[in-house]
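Worksheet: one structure, shown below.
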Protein chains: 2
Amino acid sequence: MVNQRADIGWQSSKSDSSGVSNSGESSKESSRCSTPVLDADRTDRLRDKMKRRIESGDRWFSLEFFPPRTAPGAVNLISRFDRMGSGGPLFIDVTWHPAGDPGSDKETSSMMIASTAVNYCGLESVLHLTCCNQTKEKITAHLNKAKRLGLKNIMALRGDPIGKDWVEEDGGFNYATDLVKHIRCEFDDYFDICVAGYPTGHPEAESYEDDLRHLKEKVDAGAHFIITQLFFRAETFLKFVKDCRAIGITCPILPGIFPIQGYHSLRQLVKLSKLEVPEEIMQVIEPIKDNDAAIRNYGIQQAVEMCKVLLASGEVPGLHFYTLNREVATMEVLRQLGLWAEDPRRPLPWAVSAHPKRKVEDVRPIFWASRPKSYIYRTQDWDDFPNGRWGNSSSPAFGELTDYYLFYLKSKSPKEALLQMWGEELMNEESVYEVFTNYITSQTNRNGHKVMCLPWNDDPLAPETNLLKDELEKVNRRGVLTINSQPNINGKPSSDPIVGWGPAGGYVFQKAYLEFFTSSENVTALLQVLKKYEPRVNYHIVNVQGRNTTNAHDMQPNAVTWGIFPGREIIQPTVVDPVSFMYWKDEAFALWIEQWAKLYEDESPSRMIIQYIHDNYFLVNLVDNDFPLDSCLWQVIEDMFTLLDSPPETQKD
Amino acid sequence: MVNQRADIGWQSSKSDSSGVSNSGESSKESSRCSTPVLDADRTDRLRDKMKRRIESGDRWFSLEFFPPRTAPGAVNLISRFDRMGSGGPLFIDVTWHPAGDPGSDKETSSMMIASTAVNYCGLESVLHLTCCNQTKEKITAHLNKAKRLGLKNIMALRGDPIGKDWVEEDGGFNYATDLVKHIRCEFDDYFDICVAGYPTGHPEAESYEDDLRHLKEKVDAGAHFIITQLFFRAETFLKFVKDCRAIGITCPILPGIFPIQGYHSLRQLVKLSKLEVPEEIMQVIEPIKDNDAAIRNYGIQQAVEMCKVLLASGEVPGLHFYTLNREVATMEVLRQLGLWAEDPRRPLPWAVSAHPKRKVEDVRPIFWASRPKSYIYRTQDWDDFPNGRWGNSSSPAFGELTDYYLFYLKSKSPKEALLQMWGEELMNEESVYEVFTNYITSQTNRNGHKVMCLPWNDDPLAPETNLLKDELEKVNRRGVLTINSQPNINGKPSSDPIVGWGPAGGYVFQKAYLEFFTSSENVTALLQVLKKYEPRVNYHIVNVQGRNTTNAHDMQPNAVTWGIFPGREIIQPTVVDPVSFMYWKDEAFALWIEQWAKLYEDESPSRMIIQYIHDNYFLVNLVDNDFPLDSCLWQVIEDMFTLLDSPPETQKD
């Protein structure tokens, strides 16, 4: 994230008293933001982001994906969004597949994939839309739905007509221009609109010049930027840009980059797009056409060379990649160009959703730290999101999480892999302790498998949690089954690679946090011990029936992560909120059954062990409020075990 | 402030899942506070505060005042409210003087004095109201006005009839009971109501028993607590309480304590209240009746002894003091009883207003730190007050401060004293620097007078500012005329006697802040110097015409004071807000003319010097964002002087 500062000159004052006078009205229209814009990018429209990047000379990249064919494919693609999103694309786009029910609610539809990218992965997204053979009503319905789902950008395309002999329809959508006009007419300035450019002319155009004129029409109708069809030589694109500028097209033109990834995919694409692959490329590829690795390496090298020429020309503000839903080649090209963000600055400790409705959101309960998509899903119907203070603006109405198989919450691992990790057969509660311990230590279990995930954590330990590894291992081994934790932090720079977030020049802080399941015997001892730690430690302890014990003051939330930045208000992105905890505990307990117990046969001993834990264990969270001191939470657990180990009469103390 | 924690037992769970279930409706009514209650006392009604104090066994005191006769008397009384408020009374009350136009907008009216205590001094206040010889319409109008002004508590009294021969009026207000009923009928449960009790019976009552029955009627009609007439023997009160309890009066009964302060005031009061002074007291007093100090000492001792007996009885939750608008005796009695808060915990760094509308307010711009009453006045028409975040909920519409002679903003010093402090005659700008320097150092000026105040600071330096005394002296001597400053603080305990605030067990933080007037030559050099301190230092620089230079990011507010507390969200009570600064600068510049220049004759050299400064100097504020490091602001000023002292060609660098 770039902390851009408006450098207001001495003489050319931006905010002199004419703008901020003593009269009530003028100040109402002052330039003051009503929200703590951590990153100006969060609230701006795509066109504004591009404008700012162009002005600053900062180059960007964007990534194109197509909707997958199957539900597991969708789960994989969403994971890929998370991984590729971390490299810092300005936006991604999702193609429109008229044959695949693209506007439906199916997990694999263009609409749902784009919406998931925006809402759950926090990616600025462009949804493609084709108008050919569509009624105006249908198009308007799609656009309304897109708007409702938080999509703000449309790539307006004609699409391929059905059947070979296409005839213009009167009053219908015959060209992308008609679609652009329709969008602007029906939705005014709501959507940012992208249109396609053809560096070698559209295959159906009468001439290159005629196609350029069509492009000018699309832009004049209201498009904000252009993405081009793929091409194989930098000069093809540069000539095209020159020709566009010559006829008065002034908007950004992004080159479509296609790193060659294989012989067959190249041939297929070339056939579809009616492009010719230059002789010099074919000469390299033909001899190695059966060697996938060699072709991919060549494709990467070829794309890097071409992109370098493009960027050096000064005509290219950003590069658009046709990824074919694959990661390796595109990431490698971007790495070699120095455009991939190796160490992305996080604006907040959690991934910010890109839905415009959520743009003010800057506080969340810590409980969903490892399940952010579940949190977003369960709060999707909120009208307001907390801004600055949890207690004030949050709606406590969490949606039910009835569908544990919600596609983007599905485990990436199939059932067999889960059984290998978590045990084909559990002997007793200690078998469960072992699974947790192996997850923490990343050691292989007795069957030789690494435990890569738990029902509450679909990914390996976060780097930050790794700091606590030794202590975590010790307590999990003894049946304190940890599912969430953070160390205390007393003012580390916001640029810290592990715990840093937010604008440069700031300081981040945390209170130590520990959340775990444990037996009711342990809880009885823990409550004894916690008396010694008043008021330093705040706790919430609850079982599946909701029997809740807490020392939270007036049920107020406790800020456990916050940051202090130059020229900003305080940001406190994570809280322990007593009310939300009661919603989380339902989810946390249910995961025992839905994701673990159900791997086993009904009535099987393994299933009954998990069921027993679900029915009898407590979910505990602890906060050490004394963030400048070493965390006392490990001592609390230690004291609990000491008390449990001591003879009964001492326990009465 | 007491950080009371509800200790929720293990078995008797207060917040089990039946209260906080997964259904949307029930959670809407959850017990969660919507505001960050720093001190539960801030939002509760007086009856609730009493209830909590009684339950906790914590004793309190309250103070009674009468409205002054003159405007300067009102200014003095308001200062007394500030001083006596710091000792921690649960409430104060203001008597109703039917002869003094008590419901009017006059500075001396009962209504305005009580309203000022609530709104400007942050004191929970009870307004007396008498009903005798009043129409219902008039009474309702008074109550509506009181409500509008933020008053929530009424002491309902009959008052003294005009003329000796009082006859009951049909349908009129004949007894305090009628007034209580009227308040409850017209205003439902809005007001907390207090009534008077007579330990020796009302002088006009037929009998002690008859008077007790009247009291029971008043309570049954809806009064919440009783304050008694003064008495001289503890047993008088204790018998009275016993008799009240016997006939079923269960509400709190507060003894009215009258420390004898002088022979004549005692005689007058006794005459008015038709009380008899016990023989054992008269025997002591008569011989020393001309020795005021001796009588006062006796009065203090007598009151302390009586109060000790009362408190020891267990029947007395709090003591009510008839102060006669004097400080010394009451404060001494309270000190000896250990009830005076020597080191009051501040809930926030600034005094919280007691107006119910402002109860959520917990952020203010730093500029008015020394003029909080002006800030309250200029924001009195706001519908919302910022809660948690300045940018979000604050209305930027500041009221005009046209009336610089607003009585509670008047300087406590008369014109002559101001001239002695600030100079009968100014020679040049340096004479002004000297005034500022003498204020900082508390040294006497060349005429032998201490500079106790400045137009921007009516009180001597705050203890916190004293920490910066040496640096402040140095820069003021050279024409950096400081009017507001705070040191940086990196996590001091919230209990720190100088900079602490908020609940116990927390940590407070500050960014270093400096605000001053200085010449345009200095500002030119300063701007050069500030380039070296980007982005560490945020600045705003403005002259009287509003020419403004700043490096504030998007005009966002900068939090400069914040606190982290056990089990709470972050509190950031003070911000540097770019928009408010433009309102403040009008006030800050106007004070040069209104409070200083106008002390001198038109066209006099002294007046023209102040006018010159007003017209040509700039108001500057600086924030050092790097709060964990030593403040760099002194170095910034030092660098500015170095640059000014260097030969012209070096200045171009």
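Residue numbering restarts at 1 for every chain of the structure tokens, chains are lettered A, B, ... in their displayed order, and ligands are numbered from 1 as they appear.
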Give me the residues near Ser485 (chain B) as a ChimeraX atom specification, where near means some atom within 9 Å (using only C-alpha atoms) and where sequence neighbours in that chain fewer than 3 positions away do not count. /B:464-465,468,472,482,512-516
How about saving the chosen residues, N, CA, C and O atoms kept, as a compact mmCIF listing (two decimals), in the first residue's frame?
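Contents of again.txt, freshly written:
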# COMPACT_ATOMS: atom_id res chain seq x y z
N GLU B 464 1.09 18.97 33.32
CA GLU B 464 1.68 18.27 32.19
C GLU B 464 2.56 19.20 31.36
O GLU B 464 3.64 18.83 30.90
N THR B 465 2.05 20.43 31.14
CA THR B 465 2.80 21.39 30.34
C THR B 465 4.07 21.81 31.07
O THR B 465 5.09 22.12 30.47
N LEU B 468 7.40 20.62 30.15
CA LEU B 468 8.08 21.17 28.99
C LEU B 468 8.59 22.58 29.24
O LEU B 468 9.03 23.28 28.32
N LEU B 472 9.87 25.44 26.54
CA LEU B 472 8.88 26.47 26.22
C LEU B 472 9.45 27.86 26.47
O LEU B 472 9.27 28.78 25.66
N THR B 482 3.95 30.22 22.34
CA THR B 482 3.20 28.97 22.49
C THR B 482 1.89 29.18 23.25
O THR B 482 1.84 29.90 24.24
N ALA B 512 3.70 14.12 20.71
CA ALA B 512 4.10 15.47 21.11
C ALA B 512 3.37 16.49 20.23
O ALA B 512 3.24 16.30 19.02
N TYR B 513 2.91 17.57 20.85
CA TYR B 513 2.13 18.59 20.15
C TYR B 513 2.63 19.96 20.58
O TYR B 513 2.96 20.18 21.74
N LEU B 514 2.66 20.89 19.62
CA LEU B 514 3.09 22.25 19.93
C LEU B 514 2.28 23.19 19.04
O LEU B 514 2.17 22.96 17.83
N GLU B 515 1.72 24.22 19.67
CA GLU B 515 0.92 25.18 18.91
C GLU B 515 1.37 26.58 19.30
O GLU B 515 1.51 26.87 20.49
N PHE B 516 1.62 27.42 18.32
CA PHE B 516 2.17 28.74 18.65
C PHE B 516 1.86 29.76 17.55
O PHE B 516 1.54 29.39 16.41
Name the residues of region 223-385 of chain A that come out as strand (DSSP E or B) in a backbone DSSP run; write them as a PyMOL selection string. chain A and resi 225-230+253-257+318-322+364-365
Let me see the file: selected residues, all heavy atoms, as a CSV table (one decimal), in the first residue's frame.
chain,number,residue,atom,x,y,z
A,225,PHE,N,-11.7,2.3,-20.2
A,225,PHE,CA,-10.4,1.9,-20.6
A,225,PHE,C,-10.5,0.7,-21.5
A,225,PHE,O,-11.6,0.1,-21.7
A,225,PHE,CB,-9.5,1.5,-19.4
A,225,PHE,CG,-10.0,0.4,-18.5
A,225,PHE,CD1,-9.4,-0.9,-18.6
A,225,PHE,CD2,-11.0,0.6,-17.6
A,225,PHE,CE1,-9.8,-1.9,-17.8
A,225,PHE,CE2,-11.4,-0.5,-16.8
A,225,PHE,CZ,-10.8,-1.7,-16.9
A,226,ILE,N,-9.4,0.3,-22.1
A,226,ILE,CA,-9.4,-0.7,-23.2
A,226,ILE,C,-8.4,-1.8,-22.8
A,226,ILE,O,-7.3,-1.5,-22.2
A,226,ILE,CB,-8.9,-0.1,-24.5
A,226,ILE,CG1,-9.9,0.9,-25.0
A,226,ILE,CG2,-8.6,-1.2,-25.6
A,226,ILE,CD1,-9.4,1.8,-26.1
A,227,ILE,N,-8.8,-3.1,-23.0
A,227,ILE,CA,-7.8,-4.2,-22.8
A,227,ILE,C,-7.7,-4.8,-24.2
A,227,ILE,O,-8.8,-5.0,-24.9
A,227,ILE,CB,-8.3,-5.2,-21.8
A,227,ILE,CG1,-8.4,-4.6,-20.4
A,227,ILE,CG2,-7.4,-6.5,-21.9
A,227,ILE,CD1,-8.9,-5.6,-19.4
A,228,THR,N,-6.5,-5.1,-24.6
A,228,THR,CA,-6.4,-5.6,-26.0
A,228,THR,C,-6.4,-7.1,-26.0
A,228,THR,O,-6.1,-7.8,-25.0
A,228,THR,CB,-5.1,-5.1,-26.7
A,228,THR,OG1,-4.0,-5.9,-26.2
A,228,THR,CG2,-4.9,-3.7,-26.5
A,229,GLN,N,-6.8,-7.6,-27.2
A,229,GLN,CA,-6.6,-9.0,-27.5
A,229,GLN,C,-5.1,-9.3,-27.4
A,229,GLN,O,-4.2,-8.4,-27.5
A,229,GLN,CB,-7.1,-9.2,-29.0
A,229,GLN,CG,-7.0,-10.6,-29.5
A,229,GLN,CD,-7.7,-11.6,-28.6
A,229,GLN,OE1,-7.2,-12.0,-27.5
A,229,GLN,NE2,-8.8,-12.1,-29.1
A,230,LEU,N,-4.8,-10.6,-27.3
A,230,LEU,CA,-3.3,-11.0,-27.2
A,230,LEU,C,-2.6,-10.7,-28.5
A,230,LEU,O,-3.2,-10.6,-29.6
A,230,LEU,CB,-3.2,-12.4,-26.8
A,230,LEU,CG,-3.7,-13.5,-27.7
A,230,LEU,CD1,-2.6,-14.0,-28.7
A,230,LEU,CD2,-4.2,-14.7,-26.9
A,253,ILE,N,-4.9,2.2,-22.4
A,253,ILE,CA,-5.0,1.0,-23.2
A,253,ILE,C,-4.0,-0.1,-22.6
A,253,ILE,O,-2.8,0.2,-22.6
A,253,ILE,CB,-4.6,1.3,-24.7
A,253,ILE,CG1,-5.5,2.5,-25.2
A,253,ILE,CG2,-4.7,0.1,-25.6
A,253,ILE,CD1,-5.1,3.0,-26.6
A,254,LEU,N,-4.6,-1.2,-22.2
A,254,LEU,CA,-3.8,-2.2,-21.5
A,254,LEU,C,-3.5,-3.3,-22.5
A,254,LEU,O,-4.4,-3.9,-23.0
A,254,LEU,CB,-4.5,-2.8,-20.3
A,254,LEU,CG,-5.1,-1.7,-19.3
A,254,LEU,CD1,-5.7,-2.5,-18.1
A,254,LEU,CD2,-4.1,-0.7,-18.9
A,255,PRO,N,-2.2,-3.7,-22.7
A,255,PRO,CA,-1.9,-4.8,-23.5
A,255,PRO,C,-2.3,-6.1,-22.9
A,255,PRO,O,-2.0,-6.4,-21.7
A,255,PRO,CB,-0.4,-4.7,-23.7
A,255,PRO,CG,0.1,-4.0,-22.5
A,255,PRO,CD,-1.0,-3.1,-22.0
A,256,GLY,N,-2.9,-7.0,-23.7
A,256,GLY,CA,-3.2,-8.4,-23.2
A,256,GLY,C,-2.0,-9.3,-23.5
A,256,GLY,O,-1.6,-9.5,-24.6
A,257,ILE,N,-1.4,-9.8,-22.4
A,257,ILE,CA,-0.2,-10.6,-22.5
A,257,ILE,C,-0.6,-12.0,-22.3
A,257,ILE,O,-1.3,-12.4,-21.3
A,257,ILE,CB,0.8,-10.2,-21.3
A,257,ILE,CG1,1.0,-8.7,-21.3
A,257,ILE,CG2,2.1,-11.0,-21.5
A,257,ILE,CD1,1.6,-8.1,-22.5
A,318,GLY,N,0.0,-0.5,-17.6
A,318,GLY,CA,-0.2,-1.7,-16.9
A,318,GLY,C,-0.3,-2.9,-17.8
A,318,GLY,O,-0.6,-2.7,-19.0
A,319,LEU,N,0.0,-4.1,-17.3
A,319,LEU,CA,0.0,-5.3,-18.2
A,319,LEU,C,-1.2,-6.1,-17.8
A,319,LEU,O,-1.4,-6.4,-16.6
A,319,LEU,CB,1.3,-6.0,-18.0
A,319,LEU,CG,2.6,-5.3,-18.4
A,319,LEU,CD1,3.8,-6.0,-17.8
A,319,LEU,CD2,2.7,-5.1,-19.9
A,320,HIS,N,-1.9,-6.6,-18.8
A,320,HIS,CA,-3.0,-7.5,-18.5
A,320,HIS,C,-2.7,-8.9,-18.9
A,320,HIS,O,-2.3,-9.2,-20.1
A,320,HIS,CB,-4.3,-7.0,-19.3
A,320,HIS,CG,-5.5,-7.8,-19.0
A,320,HIS,ND1,-6.2,-7.7,-17.8
A,320,HIS,CD2,-6.2,-8.8,-19.7
A,320,HIS,CE1,-7.2,-8.5,-17.7
A,320,HIS,NE2,-7.2,-9.2,-18.9
A,321,PHE,N,-2.8,-9.9,-18.0
A,321,PHE,CA,-2.4,-11.3,-18.3
A,321,PHE,C,-3.5,-12.2,-18.5
A,321,PHE,O,-4.4,-12.3,-17.7
A,321,PHE,CB,-1.5,-11.8,-17.1
A,321,PHE,CG,-0.1,-11.2,-17.2
A,321,PHE,CD1,0.2,-10.0,-16.6
A,321,PHE,CD2,0.9,-11.9,-17.8
A,321,PHE,CE1,1.4,-9.4,-16.7
A,321,PHE,CE2,2.2,-11.4,-17.9
A,321,PHE,CZ,2.5,-10.1,-17.3
A,322,TYR,N,-3.5,-12.9,-19.6
A,322,TYR,CA,-4.4,-14.1,-19.8
A,322,TYR,C,-3.8,-15.3,-19.1
A,322,TYR,O,-2.8,-15.9,-19.6
A,322,TYR,CB,-4.5,-14.3,-21.3
A,322,TYR,CG,-5.2,-13.2,-22.0
A,322,TYR,CD1,-4.5,-12.3,-22.8
A,322,TYR,CD2,-6.6,-12.9,-21.8
A,322,TYR,CE1,-5.2,-11.2,-23.5
A,322,TYR,CE2,-7.2,-11.9,-22.5
A,322,TYR,CZ,-6.5,-11.0,-23.3
A,322,TYR,OH,-7.1,-9.9,-23.8
A,364,ARG,N,-13.1,-6.3,13.1
A,364,ARG,CA,-13.8,-7.6,13.0
A,364,ARG,C,-13.4,-8.3,14.3
A,364,ARG,O,-12.4,-8.1,14.9
A,364,ARG,CB,-13.3,-8.4,11.9
A,364,ARG,CG,-13.8,-8.0,10.5
A,364,ARG,CD,-13.4,-9.0,9.4
A,364,ARG,NE,-13.7,-8.4,8.1
A,364,ARG,CZ,-13.4,-9.0,7.0
A,364,ARG,NH1,-12.6,-10.1,7.0
A,364,ARG,NH2,-13.8,-8.5,5.8
A,365,PRO,N,-14.3,-9.3,14.7
A,365,PRO,CA,-14.0,-10.1,15.8
A,365,PRO,C,-12.8,-11.1,15.5
A,365,PRO,O,-12.8,-11.5,14.3
A,365,PRO,CB,-15.3,-11.0,16.1
A,365,PRO,CG,-16.3,-10.3,15.3
A,365,PRO,CD,-15.7,-9.6,14.2
When you look at region 416-421 of chain B with a cut-off of 6 Å (counting only C-alpha atoms), what residues show up, excluding the ones that are within fewer than 2 positions of it in the same chain? I need them as an MDAnalysis selection string.
chainID B and resid 413:414 423:424 449 451
Could you turn the residues from that selection into a file that holds C-alpha atoms, as a short mmCIF file (atom, residue, chain, number, x, y, z; two decimals), in the first residue's frame?
data_model
loop_
_atom_site.label_atom_id
_atom_site.label_comp_id
_atom_site.auth_asym_id
_atom_site.auth_seq_id
_atom_site.Cartn_x
_atom_site.Cartn_y
_atom_site.Cartn_z
CA SER B 413 -9.09 38.86 36.35
CA PRO B 414 -10.38 42.44 36.04
CA GLY B 423 1.84 45.51 30.31
CA GLU B 424 0.35 49.00 30.76
CA HIS B 449 3.53 41.21 38.78
CA VAL B 451 1.62 36.67 34.67
#
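Shortest atom-to-atom contact with Tyr507 (chain B) among A:Gly388, A:Pro628, A:Pro347, A:Gly314: A:Pro628, counting only C-alpha atoms.
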Practice prompt. Run DSSP on the backbone and give me the residues of region 328-512 of chain A it puts in helix (DSSP H, G or I), as JSON, numbers by chain.
Written response: {"A": [328, 329, 330, 331, 332, 333, 334, 335, 336, 337, 356, 357, 358, 366, 367, 368, 372, 373, 374, 375, 376, 377, 378, 390, 391, 392, 393, 407, 408, 409, 415, 416, 417, 418, 419, 420, 421, 422, 429, 430, 431, 432, 433, 434, 435, 436, 437, 438, 439, 440, 441, 463, 464, 465, 466, 469, 470, 471, 472, 473, 474, 475, 476, 477]}
Quiz prompt | Spatial neighbours of region 487-489 of chain A, 10 Å, only C-alpha atoms, chain gap at least 2 places, as a ChimeraX atom specification | solution = /A:464-468,485,491-492,499,507-514,560-562,623-633
Could the residues in this selection be saved with N, CA, C and O atoms as a short mmCIF file (atom, residue, chain, number, x, y, z; two decimals), in the first residue's frame?
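File produced: again.cif:
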data_model
loop_
_atom_site.label_atom_id
_atom_site.label_comp_id
_atom_site.auth_asym_id
_atom_site.auth_seq_id
_atom_site.Cartn_x
_atom_site.Cartn_y
_atom_site.Cartn_z
N GLU A 464 2.98 -15.59 12.09
CA GLU A 464 2.89 -14.97 13.40
C GLU A 464 2.67 -16.02 14.49
O GLU A 464 3.25 -15.95 15.57
N THR A 465 1.80 -17.01 14.19
CA THR A 465 1.51 -18.06 15.17
C THR A 465 2.75 -18.92 15.39
O THR A 465 2.97 -19.45 16.48
N ASN A 466 3.55 -19.05 14.34
CA ASN A 466 4.78 -19.81 14.43
C ASN A 466 5.68 -19.32 15.55
O ASN A 466 6.47 -20.06 16.12
N LEU A 467 5.57 -18.01 15.86
CA LEU A 467 6.37 -17.43 16.94
C LEU A 467 6.05 -18.12 18.27
O LEU A 467 6.85 -18.09 19.19
N LEU A 468 4.86 -18.69 18.37
CA LEU A 468 4.41 -19.28 19.64
C LEU A 468 4.49 -20.80 19.63
O LEU A 468 3.98 -21.47 20.52
N SER A 485 -4.52 -18.02 18.08
CA SER A 485 -3.66 -17.37 19.07
C SER A 485 -2.88 -16.25 18.40
O SER A 485 -2.68 -16.25 17.19
N GLY A 491 4.27 -2.18 20.03
CA GLY A 491 4.81 -1.12 19.18
C GLY A 491 5.91 -1.56 18.22
O GLY A 491 7.01 -1.00 18.25
N LYS A 492 5.63 -2.55 17.35
CA LYS A 492 6.58 -2.86 16.28
C LYS A 492 6.28 -1.96 15.09
O LYS A 492 5.13 -1.54 14.88
N VAL A 499 4.37 -9.15 11.51
CA VAL A 499 3.18 -8.64 12.19
C VAL A 499 2.75 -7.26 11.70
O VAL A 499 1.73 -6.74 12.16
N TYR A 507 3.09 2.26 14.01
CA TYR A 507 3.44 1.25 15.01
C TYR A 507 2.23 0.37 15.25
O TYR A 507 1.11 0.87 15.36
N VAL A 508 2.49 -0.95 15.31
CA VAL A 508 1.38 -1.86 15.56
C VAL A 508 1.53 -2.52 16.94
O VAL A 508 2.64 -2.70 17.44
N PHE A 509 0.38 -2.83 17.50
CA PHE A 509 0.30 -3.38 18.86
C PHE A 509 -0.68 -4.55 18.88
O PHE A 509 -1.62 -4.58 18.08
N GLN A 510 -0.46 -5.46 19.82
CA GLN A 510 -1.42 -6.55 20.03
C GLN A 510 -1.43 -6.93 21.51
O GLN A 510 -0.42 -6.82 22.19
N LYS A 511 -2.59 -7.41 21.94
CA LYS A 511 -2.66 -8.10 23.23
C LYS A 511 -2.54 -9.59 22.94
O LYS A 511 -3.07 -10.06 21.92
N ALA A 512 -1.86 -10.32 23.81
CA ALA A 512 -1.74 -11.76 23.63
C ALA A 512 -3.12 -12.40 23.71
O ALA A 512 -3.95 -12.02 24.56
N TYR A 513 -3.37 -13.34 22.80
CA TYR A 513 -4.69 -14.00 22.71
C TYR A 513 -4.50 -15.49 22.57
O TYR A 513 -3.57 -15.94 21.88
N LEU A 514 -5.34 -16.26 23.21
CA LEU A 514 -5.28 -17.72 23.11
C LEU A 514 -6.70 -18.25 23.14
O LEU A 514 -7.49 -17.86 24.00
N VAL A 560 -7.84 -6.07 20.56
CA VAL A 560 -6.65 -6.90 20.75
C VAL A 560 -5.59 -6.66 19.66
O VAL A 560 -4.50 -7.20 19.74
N THR A 561 -5.92 -5.87 18.65
CA THR A 561 -4.95 -5.48 17.63
C THR A 561 -5.24 -4.02 17.29
O THR A 561 -6.39 -3.67 17.07
N TRP A 562 -4.21 -3.19 17.30
CA TRP A 562 -4.42 -1.80 16.92
C TRP A 562 -3.14 -1.20 16.35
O TRP A 562 -2.06 -1.77 16.53
N VAL A 623 -7.46 -13.23 27.03
CA VAL A 623 -6.70 -12.06 26.57
C VAL A 623 -5.85 -11.56 27.72
O VAL A 623 -6.36 -11.38 28.83
N ASP A 624 -4.57 -11.35 27.46
CA ASP A 624 -3.71 -10.71 28.46
C ASP A 624 -3.69 -9.21 28.14
O ASP A 624 -3.12 -8.79 27.15
N ASN A 625 -4.33 -8.42 29.01
CA ASN A 625 -4.44 -6.99 28.74
C ASN A 625 -3.12 -6.23 28.89
O ASN A 625 -2.99 -5.12 28.40
N ASP A 626 -2.15 -6.84 29.57
CA ASP A 626 -0.90 -6.12 29.84
C ASP A 626 0.09 -6.31 28.69
O ASP A 626 1.13 -6.96 28.85
N PHE A 627 -0.26 -5.68 27.55
CA PHE A 627 0.54 -5.91 26.33
C PHE A 627 2.00 -5.48 26.43
O PHE A 627 2.81 -6.00 25.68
N PRO A 628 2.39 -4.53 27.32
CA PRO A 628 3.82 -4.20 27.35
C PRO A 628 4.66 -5.28 28.07
O PRO A 628 5.86 -5.29 27.94
N LEU A 629 4.00 -6.16 28.83
CA LEU A 629 4.75 -7.19 29.56
C LEU A 629 4.75 -8.49 28.77
O LEU A 629 3.96 -8.67 27.85
N ASP A 630 5.62 -9.42 29.14
CA ASP A 630 5.58 -10.75 28.53
C ASP A 630 4.21 -11.37 28.80
O ASP A 630 3.66 -11.23 29.89
N SER A 631 3.70 -12.08 27.82
CA SER A 631 2.37 -12.68 27.97
C SER A 631 2.35 -13.60 29.18
O SER A 631 3.26 -14.39 29.41
N CYS A 632 1.27 -13.50 29.97
CA CYS A 632 1.14 -14.37 31.14
C CYS A 632 0.26 -15.57 30.83
O CYS A 632 -0.02 -16.37 31.71
N LEU A 633 -0.20 -15.69 29.57
CA LEU A 633 -1.19 -16.73 29.29
C LEU A 633 -0.59 -18.13 29.43
O LEU A 633 -1.27 -19.06 29.85
#
Extract, using only C-alpha atoms, all DNA, RNA and protein residues at most 10 Å from Val576 (chain A), discarding same-chain residues fewer than 5 positions from it, and format them as a PyMOL selection string. (chain A and resi 364-367+390+513+538-540+552+556-561+581+621-623) or (chain B and resi 567-569)
Could you produce a table of the residues of region 154-213 of chain A lying within 12 Å of region 232-236 of chain A, with the nearest pair of atoms per residue and their separation in Å rounded to one decimal, using only C-alpha atoms, ordered by chain and increasing residue number, as CSV?
residue,atom,partner,partner_atom,distance
A:Tyr198,CA,A:Thr236,CA,10.0
A:Pro199,CA,A:Thr236,CA,6.3
A:Thr200,CA,A:Thr236,CA,7.2
A:Gly201,CA,A:Thr236,CA,10.6
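Atom to atom, CA of Ala303 (chain B) and CA of Leu127 (chain B) stand 25.2 Å apart.
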